[in-house]
file my_file_32.cif (mmCIF, N, CA and C atoms)
data_protein
loop_
_atom_site.label_atom_id
_atom_site.label_comp_id
_atom_site.auth_asym_id
_atom_site.auth_seq_id
_atom_site.Cartn_x
_atom_site.Cartn_y
_atom_site.Cartn_z
N MET R 25 0.85 -1.18 0.00
CA MET R 25 0.00 0.00 0.00
C MET R 25 0.89 1.24 0.00
N LYS R 26 0.42 2.24 -0.75
CA LYS R 26 1.09 3.53 -0.74
C LYS R 26 0.03 4.62 -0.84
N ILE R 27 0.41 5.80 -0.42
CA ILE R 27 -0.45 6.98 -0.58
C ILE R 27 0.07 7.72 -1.78
N ILE R 28 -0.81 7.99 -2.75
CA ILE R 28 -0.41 8.71 -3.95
C ILE R 28 -1.18 10.02 -3.97
N VAL R 29 -0.44 11.13 -4.05
CA VAL R 29 -1.05 12.46 -3.99
C VAL R 29 -1.00 13.12 -5.36
N ASP R 30 -2.17 13.54 -5.82
CA ASP R 30 -2.28 14.35 -7.03
C ASP R 30 -1.83 15.75 -6.60
N ALA R 31 -0.52 15.99 -6.67
CA ALA R 31 0.07 17.17 -6.06
C ALA R 31 -0.08 18.43 -6.91
N ASP R 32 -0.63 18.33 -8.10
CA ASP R 32 -0.86 19.53 -8.91
C ASP R 32 -1.82 20.49 -8.23
N ALA R 33 -2.81 19.97 -7.52
CA ALA R 33 -3.83 20.83 -6.92
C ALA R 33 -4.01 20.57 -5.43
N CYS R 34 -3.10 19.85 -4.82
CA CYS R 34 -3.24 19.53 -3.40
C CYS R 34 -2.68 20.67 -2.53
N PRO R 35 -3.47 21.15 -1.59
CA PRO R 35 -2.96 22.20 -0.70
C PRO R 35 -1.74 21.70 0.10
N LYS R 36 -0.81 22.62 0.35
CA LYS R 36 0.41 22.26 1.07
C LYS R 36 0.13 21.61 2.42
N SER R 37 -0.86 22.14 3.14
CA SER R 37 -1.14 21.58 4.47
C SER R 37 -1.62 20.13 4.36
N ALA R 38 -2.41 19.81 3.34
CA ALA R 38 -2.87 18.43 3.15
C ALA R 38 -1.69 17.54 2.77
N LEU R 39 -0.79 18.04 1.94
CA LEU R 39 0.40 17.27 1.56
C LEU R 39 1.26 16.97 2.79
N GLN R 40 1.43 17.96 3.66
CA GLN R 40 2.21 17.75 4.89
C GLN R 40 1.55 16.71 5.80
N ILE R 41 0.22 16.72 5.85
CA ILE R 41 -0.51 15.72 6.64
C ILE R 41 -0.26 14.33 6.07
N CYS R 42 -0.25 14.21 4.76
CA CYS R 42 0.04 12.92 4.12
C CYS R 42 1.42 12.42 4.51
N PHE R 43 2.41 13.31 4.44
CA PHE R 43 3.78 12.92 4.82
C PHE R 43 3.85 12.49 6.29
N ARG R 44 3.19 13.26 7.15
CA ARG R 44 3.22 12.94 8.59
C ARG R 44 2.56 11.59 8.87
N LEU R 45 1.38 11.35 8.30
CA LEU R 45 0.69 10.09 8.54
C LEU R 45 1.40 8.92 7.85
N GLY R 46 1.98 9.17 6.68
CA GLY R 46 2.76 8.13 6.01
C GLY R 46 3.91 7.68 6.88
N LEU R 47 4.61 8.63 7.48
CA LEU R 47 5.71 8.31 8.37
C LEU R 47 5.21 7.56 9.60
N GLN R 48 4.13 8.03 10.18
CA GLN R 48 3.55 7.41 11.38
C GLN R 48 3.15 5.96 11.13
N TYR R 49 2.54 5.69 9.97
CA TYR R 49 2.06 4.34 9.67
C TYR R 49 3.03 3.55 8.78
N GLN R 50 4.19 4.12 8.50
CA GLN R 50 5.23 3.50 7.68
C GLN R 50 4.70 3.12 6.29
N ILE R 51 4.06 4.10 5.65
CA ILE R 51 3.52 3.94 4.30
C ILE R 51 4.21 4.95 3.40
N GLU R 52 4.68 4.49 2.25
CA GLU R 52 5.31 5.41 1.30
C GLU R 52 4.28 6.42 0.79
N VAL R 53 4.71 7.66 0.66
CA VAL R 53 3.88 8.71 0.08
C VAL R 53 4.51 9.11 -1.24
N TRP R 54 3.77 8.92 -2.32
CA TRP R 54 4.21 9.31 -3.65
C TRP R 54 3.49 10.58 -4.05
N THR R 55 4.18 11.45 -4.72
CA THR R 55 3.56 12.67 -5.24
C THR R 55 3.75 12.68 -6.76
N VAL R 56 2.72 13.17 -7.43
CA VAL R 56 2.78 13.29 -8.89
C VAL R 56 2.35 14.71 -9.23
N ALA R 57 3.18 15.42 -9.98
CA ALA R 57 2.86 16.80 -10.35
C ALA R 57 3.61 17.16 -11.62
N SER R 58 3.11 18.18 -12.30
CA SER R 58 3.79 18.67 -13.49
C SER R 58 5.09 19.37 -13.07
N PHE R 59 5.95 19.60 -14.04
CA PHE R 59 7.23 20.22 -13.73
C PHE R 59 7.08 21.66 -13.27
N ASP R 60 5.88 22.21 -13.35
CA ASP R 60 5.63 23.58 -12.88
C ASP R 60 5.63 23.68 -11.36
N HIS R 61 5.57 22.55 -10.68
CA HIS R 61 5.46 22.56 -9.22
C HIS R 61 6.79 22.17 -8.58
N ASN R 62 7.05 22.71 -7.43
CA ASN R 62 8.28 22.45 -6.70
C ASN R 62 7.93 21.58 -5.48
N ILE R 63 7.96 20.28 -5.65
CA ILE R 63 7.56 19.34 -4.60
C ILE R 63 8.80 18.62 -4.10
N PHE R 64 8.97 18.58 -2.79
CA PHE R 64 10.08 17.86 -2.19
C PHE R 64 9.53 16.59 -1.57
N SER R 65 9.81 15.47 -2.21
CA SER R 65 9.30 14.19 -1.78
C SER R 65 10.29 13.10 -2.18
N GLU R 66 10.44 12.12 -1.33
CA GLU R 66 11.35 11.01 -1.62
C GLU R 66 10.87 10.23 -2.85
N HIS R 67 9.55 10.16 -3.03
CA HIS R 67 8.96 9.43 -4.15
C HIS R 67 8.13 10.40 -4.99
N HIS R 68 8.82 11.23 -5.75
CA HIS R 68 8.11 12.22 -6.57
C HIS R 68 8.24 11.86 -8.04
N ILE R 69 7.13 11.97 -8.75
CA ILE R 69 7.11 11.74 -10.19
C ILE R 69 6.74 13.06 -10.86
N THR R 70 7.62 13.54 -11.71
CA THR R 70 7.36 14.77 -12.45
C THR R 70 6.86 14.41 -13.84
N VAL R 71 5.78 15.06 -14.23
CA VAL R 71 5.21 14.84 -15.56
C VAL R 71 5.17 16.17 -16.29
N GLY R 72 4.88 16.13 -17.57
CA GLY R 72 4.75 17.36 -18.35
C GLY R 72 3.50 18.12 -17.95
N ASP R 73 3.26 19.23 -18.61
CA ASP R 73 2.11 20.05 -18.23
C ASP R 73 0.91 19.86 -19.17
N ASN R 74 0.91 18.77 -19.95
CA ASN R 74 -0.23 18.48 -20.80
C ASN R 74 -1.45 18.13 -19.94
N SER R 75 -2.62 18.42 -20.46
CA SER R 75 -3.87 18.13 -19.76
C SER R 75 -3.95 16.65 -19.40
N GLN R 76 -4.27 16.37 -18.18
CA GLN R 76 -4.50 15.02 -17.67
C GLN R 76 -3.24 14.15 -17.55
N GLU R 77 -2.07 14.70 -17.79
CA GLU R 77 -0.85 13.90 -17.75
C GLU R 77 -0.58 13.35 -16.35
N ALA R 78 -0.78 14.18 -15.33
CA ALA R 78 -0.58 13.70 -13.95
C ALA R 78 -1.61 12.63 -13.61
N ASP R 79 -2.86 12.83 -14.02
CA ASP R 79 -3.90 11.84 -13.74
C ASP R 79 -3.58 10.49 -14.37
N LEU R 80 -3.11 10.51 -15.62
CA LEU R 80 -2.78 9.26 -16.29
C LEU R 80 -1.62 8.55 -15.61
N LYS R 81 -0.63 9.32 -15.15
CA LYS R 81 0.51 8.71 -14.45
C LYS R 81 0.04 8.10 -13.14
N ILE R 82 -0.83 8.83 -12.40
CA ILE R 82 -1.36 8.29 -11.14
C ILE R 82 -2.12 7.00 -11.42
N LEU R 83 -2.94 7.00 -12.43
CA LEU R 83 -3.71 5.81 -12.78
C LEU R 83 -2.78 4.64 -13.10
N ASN R 84 -1.69 4.91 -13.80
CA ASN R 84 -0.76 3.84 -14.18
C ASN R 84 0.02 3.26 -13.00
N VAL R 85 0.30 4.05 -11.97
CA VAL R 85 1.08 3.54 -10.83
C VAL R 85 0.20 3.04 -9.69
N THR R 86 -1.12 3.22 -9.80
CA THR R 86 -2.03 2.81 -8.75
C THR R 86 -2.27 1.31 -8.78
N LYS R 87 -2.23 0.71 -7.60
CA LYS R 87 -2.55 -0.70 -7.44
C LYS R 87 -3.69 -0.81 -6.43
N ALA R 88 -4.38 -1.93 -6.44
CA ALA R 88 -5.46 -2.16 -5.48
C ALA R 88 -4.93 -1.97 -4.07
N GLY R 89 -5.69 -1.28 -3.23
CA GLY R 89 -5.29 -1.05 -1.85
C GLY R 89 -4.56 0.27 -1.62
N ASP R 90 -4.09 0.92 -2.69
CA ASP R 90 -3.45 2.23 -2.55
C ASP R 90 -4.49 3.28 -2.16
N ILE R 91 -4.01 4.36 -1.59
CA ILE R 91 -4.88 5.49 -1.22
C ILE R 91 -4.49 6.67 -2.10
N ILE R 92 -5.46 7.20 -2.84
CA ILE R 92 -5.20 8.30 -3.75
C ILE R 92 -5.85 9.57 -3.20
N ILE R 93 -5.09 10.64 -3.14
CA ILE R 93 -5.60 11.94 -2.69
C ILE R 93 -5.74 12.82 -3.93
N THR R 94 -6.99 13.19 -4.24
CA THR R 94 -7.25 14.00 -5.43
C THR R 94 -8.56 14.76 -5.28
N GLN R 95 -8.63 15.90 -5.96
CA GLN R 95 -9.88 16.66 -6.04
C GLN R 95 -10.65 16.27 -7.29
N ASP R 96 -10.06 15.48 -8.14
CA ASP R 96 -10.61 15.15 -9.45
C ASP R 96 -11.54 13.94 -9.34
N PHE R 97 -12.84 14.17 -9.52
CA PHE R 97 -13.81 13.07 -9.41
C PHE R 97 -13.59 12.01 -10.48
N GLY R 98 -13.17 12.42 -11.67
CA GLY R 98 -12.91 11.46 -12.75
C GLY R 98 -11.77 10.52 -12.39
N LEU R 99 -10.68 11.07 -11.88
CA LEU R 99 -9.56 10.24 -11.45
C LEU R 99 -9.99 9.34 -10.29
N ALA R 100 -10.74 9.90 -9.36
CA ALA R 100 -11.22 9.11 -8.23
C ALA R 100 -12.03 7.91 -8.71
N ALA R 101 -12.91 8.13 -9.68
CA ALA R 101 -13.73 7.04 -10.21
C ALA R 101 -12.85 5.94 -10.83
N MET R 102 -11.82 6.35 -11.55
CA MET R 102 -10.97 5.36 -12.20
C MET R 102 -10.15 4.55 -11.19
N VAL R 103 -9.61 5.20 -10.15
CA VAL R 103 -8.82 4.43 -9.19
C VAL R 103 -9.71 3.55 -8.31
N LEU R 104 -10.93 4.01 -8.05
CA LEU R 104 -11.88 3.16 -7.32
C LEU R 104 -12.14 1.88 -8.13
N GLY R 105 -12.21 2.02 -9.44
CA GLY R 105 -12.40 0.87 -10.32
C GLY R 105 -11.24 -0.11 -10.28
N LYS R 106 -10.06 0.36 -9.88
CA LYS R 106 -8.88 -0.51 -9.76
C LYS R 106 -8.77 -1.13 -8.37
N GLY R 107 -9.73 -0.82 -7.49
CA GLY R 107 -9.68 -1.38 -6.14
C GLY R 107 -8.87 -0.54 -5.16
N ALA R 108 -8.58 0.69 -5.53
CA ALA R 108 -7.86 1.60 -4.63
C ALA R 108 -8.89 2.43 -3.86
N TYR R 109 -8.40 3.16 -2.89
CA TYR R 109 -9.23 4.09 -2.12
C TYR R 109 -8.97 5.50 -2.65
N ALA R 110 -9.95 6.37 -2.49
CA ALA R 110 -9.76 7.75 -2.96
C ALA R 110 -10.44 8.71 -2.00
N MET R 111 -9.78 9.84 -1.79
CA MET R 111 -10.37 10.90 -0.96
C MET R 111 -9.87 12.25 -1.42
N GLY R 112 -10.67 13.27 -1.12
CA GLY R 112 -10.32 14.63 -1.47
C GLY R 112 -9.49 15.27 -0.37
N PRO R 113 -8.80 16.37 -0.67
CA PRO R 113 -7.93 17.01 0.31
C PRO R 113 -8.67 17.74 1.43
N LYS R 114 -10.01 17.73 1.40
CA LYS R 114 -10.78 18.29 2.52
C LYS R 114 -11.35 17.19 3.39
N GLY R 115 -11.01 15.93 3.09
CA GLY R 115 -11.42 14.82 3.93
C GLY R 115 -12.59 14.02 3.40
N GLN R 116 -13.11 14.35 2.23
CA GLN R 116 -14.23 13.61 1.65
C GLN R 116 -13.71 12.30 1.05
N VAL R 117 -14.22 11.19 1.59
CA VAL R 117 -13.86 9.88 1.04
C VAL R 117 -14.82 9.59 -0.10
N TYR R 118 -14.27 9.21 -1.24
CA TYR R 118 -15.09 8.88 -2.40
C TYR R 118 -15.42 7.38 -2.35
N HIS R 119 -16.68 7.06 -2.61
CA HIS R 119 -17.14 5.67 -2.56
C HIS R 119 -17.68 5.25 -3.92
N PRO R 120 -17.52 3.99 -4.28
CA PRO R 120 -18.05 3.52 -5.56
C PRO R 120 -19.55 3.79 -5.72
N LYS R 121 -20.30 3.74 -4.64
CA LYS R 121 -21.75 3.92 -4.72
C LYS R 121 -22.16 5.37 -4.98
N THR R 122 -21.30 6.33 -4.66
CA THR R 122 -21.68 7.74 -4.78
C THR R 122 -20.87 8.51 -5.83
N ILE R 123 -19.87 7.90 -6.40
CA ILE R 123 -19.01 8.63 -7.33
C ILE R 123 -19.78 9.03 -8.60
N ASP R 124 -20.73 8.21 -9.03
CA ASP R 124 -21.52 8.56 -10.22
C ASP R 124 -22.27 9.87 -10.02
N PHE R 125 -22.83 10.06 -8.83
CA PHE R 125 -23.54 11.30 -8.54
C PHE R 125 -22.60 12.49 -8.63
N LEU R 126 -21.40 12.37 -8.08
CA LEU R 126 -20.43 13.46 -8.12
C LEU R 126 -20.03 13.78 -9.57
N LEU R 127 -19.86 12.75 -10.38
CA LEU R 127 -19.51 12.96 -11.79
C LEU R 127 -20.65 13.66 -12.54
N GLU R 128 -21.87 13.26 -12.27
CA GLU R 128 -23.02 13.91 -12.91
C GLU R 128 -23.14 15.37 -12.49
N GLU R 129 -22.93 15.62 -11.21
CA GLU R 129 -22.99 17.00 -10.70
C GLU R 129 -21.91 17.86 -11.36
N ARG R 130 -20.71 17.29 -11.50
CA ARG R 130 -19.60 18.01 -12.15
C ARG R 130 -19.97 18.35 -13.59
N GLU R 131 -20.57 17.40 -14.31
CA GLU R 131 -20.95 17.64 -15.69
C GLU R 131 -22.03 18.71 -15.81
N LEU R 132 -22.99 18.70 -14.91
CA LEU R 132 -24.05 19.72 -14.93
C LEU R 132 -23.48 21.12 -14.70
N LYS R 133 -22.55 21.22 -13.76
CA LYS R 133 -21.93 22.52 -13.48
C LYS R 133 -21.10 22.99 -14.68
N ALA R 134 -20.40 22.07 -15.32
CA ALA R 134 -19.59 22.43 -16.49
C ALA R 134 -20.50 22.90 -17.63
N LYS R 135 -21.61 22.22 -17.81
CA LYS R 135 -22.57 22.62 -18.86
C LYS R 135 -23.14 24.01 -18.56
N PHE R 136 -23.45 24.26 -17.31
CA PHE R 136 -23.96 25.56 -16.89
C PHE R 136 -22.93 26.67 -17.18
N ARG R 137 -21.65 26.40 -16.85
CA ARG R 137 -20.60 27.39 -17.10
C ARG R 137 -20.39 27.61 -18.60
N ARG R 138 -20.47 26.55 -19.39
CA ARG R 138 -20.32 26.69 -20.85
C ARG R 138 -21.42 27.56 -21.44
N SER R 139 -22.59 27.56 -20.82
CA SER R 139 -23.70 28.36 -21.34
C SER R 139 -23.68 29.78 -20.79
N GLY R 140 -22.59 30.15 -20.09
CA GLY R 140 -22.44 31.51 -19.60
C GLY R 140 -22.72 31.69 -18.13
N GLY R 141 -23.13 30.64 -17.45
CA GLY R 141 -23.40 30.73 -16.02
C GLY R 141 -22.13 30.79 -15.20
N ARG R 142 -22.27 31.25 -13.98
CA ARG R 142 -21.11 31.34 -13.08
C ARG R 142 -21.37 30.48 -11.86
N THR R 143 -20.35 29.74 -11.45
CA THR R 143 -20.43 28.95 -10.22
C THR R 143 -19.36 29.46 -9.28
N LYS R 144 -19.55 29.21 -8.00
CA LYS R 144 -18.57 29.65 -7.01
C LYS R 144 -17.35 28.73 -7.05
N GLY R 145 -16.22 29.31 -6.80
CA GLY R 145 -15.00 28.52 -6.68
C GLY R 145 -14.91 27.90 -5.30
N PRO R 146 -13.85 27.17 -5.05
CA PRO R 146 -13.70 26.54 -3.74
C PRO R 146 -13.50 27.60 -2.64
N LYS R 147 -13.98 27.27 -1.46
CA LYS R 147 -13.78 28.16 -0.32
C LYS R 147 -12.33 28.07 0.14
N LYS R 148 -11.88 29.12 0.80
CA LYS R 148 -10.52 29.15 1.33
C LYS R 148 -10.35 28.02 2.36
N ARG R 149 -9.21 27.37 2.32
CA ARG R 149 -8.93 26.26 3.23
C ARG R 149 -8.81 26.77 4.65
N THR R 150 -9.38 25.99 5.58
CA THR R 150 -9.36 26.38 6.99
C THR R 150 -8.68 25.30 7.83
N GLY R 151 -8.47 25.60 9.07
CA GLY R 151 -7.94 24.62 10.01
C GLY R 151 -8.89 23.45 10.19
N ASP R 152 -10.19 23.73 10.09
CA ASP R 152 -11.19 22.65 10.17
C ASP R 152 -11.02 21.67 9.01
N ASP R 153 -10.67 22.20 7.84
CA ASP R 153 -10.43 21.33 6.69
C ASP R 153 -9.24 20.40 6.95
N ASP R 154 -8.17 20.96 7.54
CA ASP R 154 -7.00 20.14 7.87
C ASP R 154 -7.36 19.07 8.89
N GLU R 155 -8.17 19.43 9.86
CA GLU R 155 -8.59 18.48 10.89
C GLU R 155 -9.45 17.37 10.28
N ALA R 156 -10.38 17.73 9.41
CA ALA R 156 -11.24 16.74 8.76
C ALA R 156 -10.41 15.82 7.85
N PHE R 157 -9.43 16.40 7.16
CA PHE R 157 -8.57 15.59 6.30
C PHE R 157 -7.74 14.62 7.12
N THR R 158 -7.18 15.09 8.23
CA THR R 158 -6.38 14.22 9.09
C THR R 158 -7.22 13.06 9.62
N LYS R 159 -8.41 13.37 10.10
CA LYS R 159 -9.31 12.32 10.61
C LYS R 159 -9.68 11.33 9.52
N GLY R 160 -10.06 11.86 8.36
CA GLY R 160 -10.47 11.00 7.26
C GLY R 160 -9.36 10.10 6.76
N LEU R 161 -8.16 10.67 6.59
CA LEU R 161 -7.03 9.88 6.10
C LEU R 161 -6.61 8.85 7.13
N THR R 162 -6.61 9.22 8.39
CA THR R 162 -6.27 8.27 9.45
C THR R 162 -7.24 7.09 9.44
N SER R 163 -8.52 7.38 9.35
CA SER R 163 -9.53 6.31 9.31
C SER R 163 -9.36 5.43 8.08
N LEU R 164 -9.09 6.05 6.95
CA LEU R 164 -8.92 5.29 5.71
C LEU R 164 -7.68 4.40 5.79
N ILE R 165 -6.59 4.92 6.31
CA ILE R 165 -5.36 4.12 6.45
C ILE R 165 -5.62 2.94 7.38
N GLU R 166 -6.24 3.20 8.52
CA GLU R 166 -6.49 2.12 9.48
C GLU R 166 -7.42 1.07 8.91
N ALA R 167 -8.45 1.49 8.18
CA ALA R 167 -9.37 0.53 7.56
C ALA R 167 -8.62 -0.30 6.51
N ALA R 168 -7.79 0.34 5.69
CA ALA R 168 -7.05 -0.37 4.66
C ALA R 168 -6.04 -1.34 5.29
N LEU R 169 -5.38 -0.92 6.35
CA LEU R 169 -4.41 -1.81 7.02
C LEU R 169 -5.13 -3.01 7.63
N ASN R 170 -6.31 -2.82 8.18
CA ASN R 170 -7.07 -3.93 8.77
C ASN R 170 -7.51 -4.92 7.71
N LEU R 171 -7.79 -4.44 6.50
CA LEU R 171 -8.19 -5.33 5.41
C LEU R 171 -7.01 -6.15 4.90
N GLU R 172 -5.79 -5.65 5.09
CA GLU R 172 -4.60 -6.37 4.62
C GLU R 172 -4.23 -7.54 5.52
N LEU R 173 -4.73 -7.57 6.73
CA LEU R 173 -4.35 -8.64 7.66
C LEU R 173 -4.83 -10.00 7.23
#
call {"tool": "encode", "arguments": {"input": "my_file_32.cif", "output": "structure tokens"}}
result
Amino acid sequence: MKIIVDADACPKSALQICFRLGLQYQIEVWTVASFDHNIFSEHHITVGDNSQEADLKILNVTKAGDIIITQDFGLAAMVLGKGAYAMGPKGQVYHPKTIDFLLEERELKAKFRRSGGRTKGPKKRTGDDDEAFTKGLTSLIEAALNLEL
């Protein structure tokens, strides 16, 4: 098992939480980001800046049981299909039963924006977000480790 972080859009505080929990549970933390980002990680994969290049690399290195940190519902759906776990950097765990709803919602919002509508961007990250992410990732790691026994 490893934790793989979609580091192109992951907040620094969430990335630091991943490193801390990876060390605590002795799990490798891999980061994947385009060369535009300056990530210091023992297991870092740099990709080009083409659209979806980081997502494709994450998908290729993901194995069943890995934990993927991403804001991208499409990537989350694909890694869930490989038997991996997925969660967002605010602590939302993605589940196979609910990912279709999230993908449909994303498509509706994109269609609305294409027709000239405006949607709100993400809210500023708070300490509560870091706390929720820490709790969620800890629970996910412990659940995954218990399944490996």
call {"tool": "closest_residue", "arguments": {"input": "my_file_32.cif", "among": "R:Ile91, R:His61, R:Lys135, R:Gly141", "to": "Ile165 in chain R", "atoms": "only N, CA and C atoms"}}
result
R:Ile91
call {"tool": "resolve_selection", "arguments": {"input": "my_file_32.cif", "expression": "the PyMOL selection byres ((chain R and resi 34-51) around 8)", "output": "list in words"}}
result
Met25, Lys26, Ile27, Val29, Asp30, Ala31, Asp32, Ala33, Glu52, Val53, Trp54, Ile93, Thr94, Gln95, Pro113, Lys114, Asp153, Asp154, Phe157, Thr158, Leu161 and Thr162 of chain R
call {"tool": "resolve_selection", "arguments": {"input": "my_file_32.cif", "expression": "the PyMOL selection byres ((chain R and resi 69) around 6.5)", "output": "list in words"}}
result
Trp54, Thr55, Val56, Ala57, Ser58, His67, His68, Thr70 and Val71 of chain R
call {"tool": "write_last_selection", "arguments": {"input": "my_file_32.cif", "atoms": "N, CA and C atoms", "output": "short mmCIF file (atom, residue, chain, number, x, y, z; two decimals), in the frame of the given file"}}
result
data_model
loop_
_atom_site.label_atom_id
_atom_site.label_comp_id
_atom_site.auth_asym_id
_atom_site.auth_seq_id
_atom_site.Cartn_x
_atom_site.Cartn_y
_atom_site.Cartn_z
N TRP R 54 3.77 8.92 -2.32
CA TRP R 54 4.21 9.31 -3.65
C TRP R 54 3.49 10.58 -4.05
N THR R 55 4.18 11.45 -4.72
CA THR R 55 3.56 12.67 -5.24
C THR R 55 3.75 12.68 -6.76
N VAL R 56 2.72 13.17 -7.43
CA VAL R 56 2.78 13.29 -8.89
C VAL R 56 2.35 14.71 -9.23
N ALA R 57 3.18 15.42 -9.98
CA ALA R 57 2.86 16.80 -10.35
C ALA R 57 3.61 17.16 -11.62
N SER R 58 3.11 18.18 -12.30
CA SER R 58 3.79 18.67 -13.49
C SER R 58 5.09 19.37 -13.07
N HIS R 67 9.55 10.16 -3.03
CA HIS R 67 8.96 9.43 -4.15
C HIS R 67 8.13 10.40 -4.99
N HIS R 68 8.82 11.23 -5.75
CA HIS R 68 8.11 12.22 -6.57
C HIS R 68 8.24 11.86 -8.04
N THR R 70 7.62 13.54 -11.71
CA THR R 70 7.36 14.77 -12.45
C THR R 70 6.86 14.41 -13.84
N VAL R 71 5.78 15.06 -14.23
CA VAL R 71 5.21 14.84 -15.56
C VAL R 71 5.17 16.17 -16.29
#
call {"tool": "atom_distance", "arguments": {"input": "my_file_32.cif", "atom1": "atom C of Gly98 in chain R", "atom2": "atom C of Ser163 in chain R"}}
result
21.2 Å
call {"tool": "resolve_selection", "arguments": {"input": "my_file_32.cif", "expression": "the PyMOL selection byres ((chain R and resi 90) around 7)", "output": "ChimeraX atom specification"}}
result
/R:25-28,86-89,91-92,107-110
call {"tool": "closest_residue", "arguments": {"input": "my_file_32.cif", "among": "R:Glu155, R:Glu66, R:Phe59, R:Leu83", "to": "Met102 in chain R", "atoms": "only C-alpha atoms"}}
result
R:Leu83
call {"tool": "atom_distance", "arguments": {"input": "my_file_32.cif", "atom1": "CA of Leu80 in chain R", "atom2": "CA of Leu99 in chain R"}}
result
8.4 Å
call {"tool": "atom_distance", "arguments": {"input": "my_file_32.cif", "atom1": "CA of Leu164 in chain R", "atom2": "CA of Gly115 in chain R"}}
result
10.0 Å
call {"tool": "select_by_dssp", "arguments": {"input": "my_file_32.cif", "residues": "chain R", "states": "strand (DSSP E)", "output": "NGL selection string"}}
result
:R and (26-30 or 52-58 or 67-71 or 91-93 or 109-111 or 117-118)
call {"tool": "select_by_dssp", "arguments": {"input": "my_file_32.cif", "residues": "chain R", "states": "alpha helix (DSSP H)", "output": "PyMOL selection string"}}
result
chain R and resi 36-49+77-85+97-105+123-138+151-172
call {"tool": "residues_near_point", "arguments": {"input": "my_file_32.cif", "point": "(-15.2, 4.4, -3.6)", "cutoff": "9 Å", "atoms": "only C-alpha atoms", "output": "list in words"}}
result
Ala100, Ala101, Val103, Leu104, Gly105, Gly107, Ala108, Tyr109, Ala110, Met111, Val117, Tyr118, His119, Pro120, Lys121, Thr122 and Ile123 of chain R
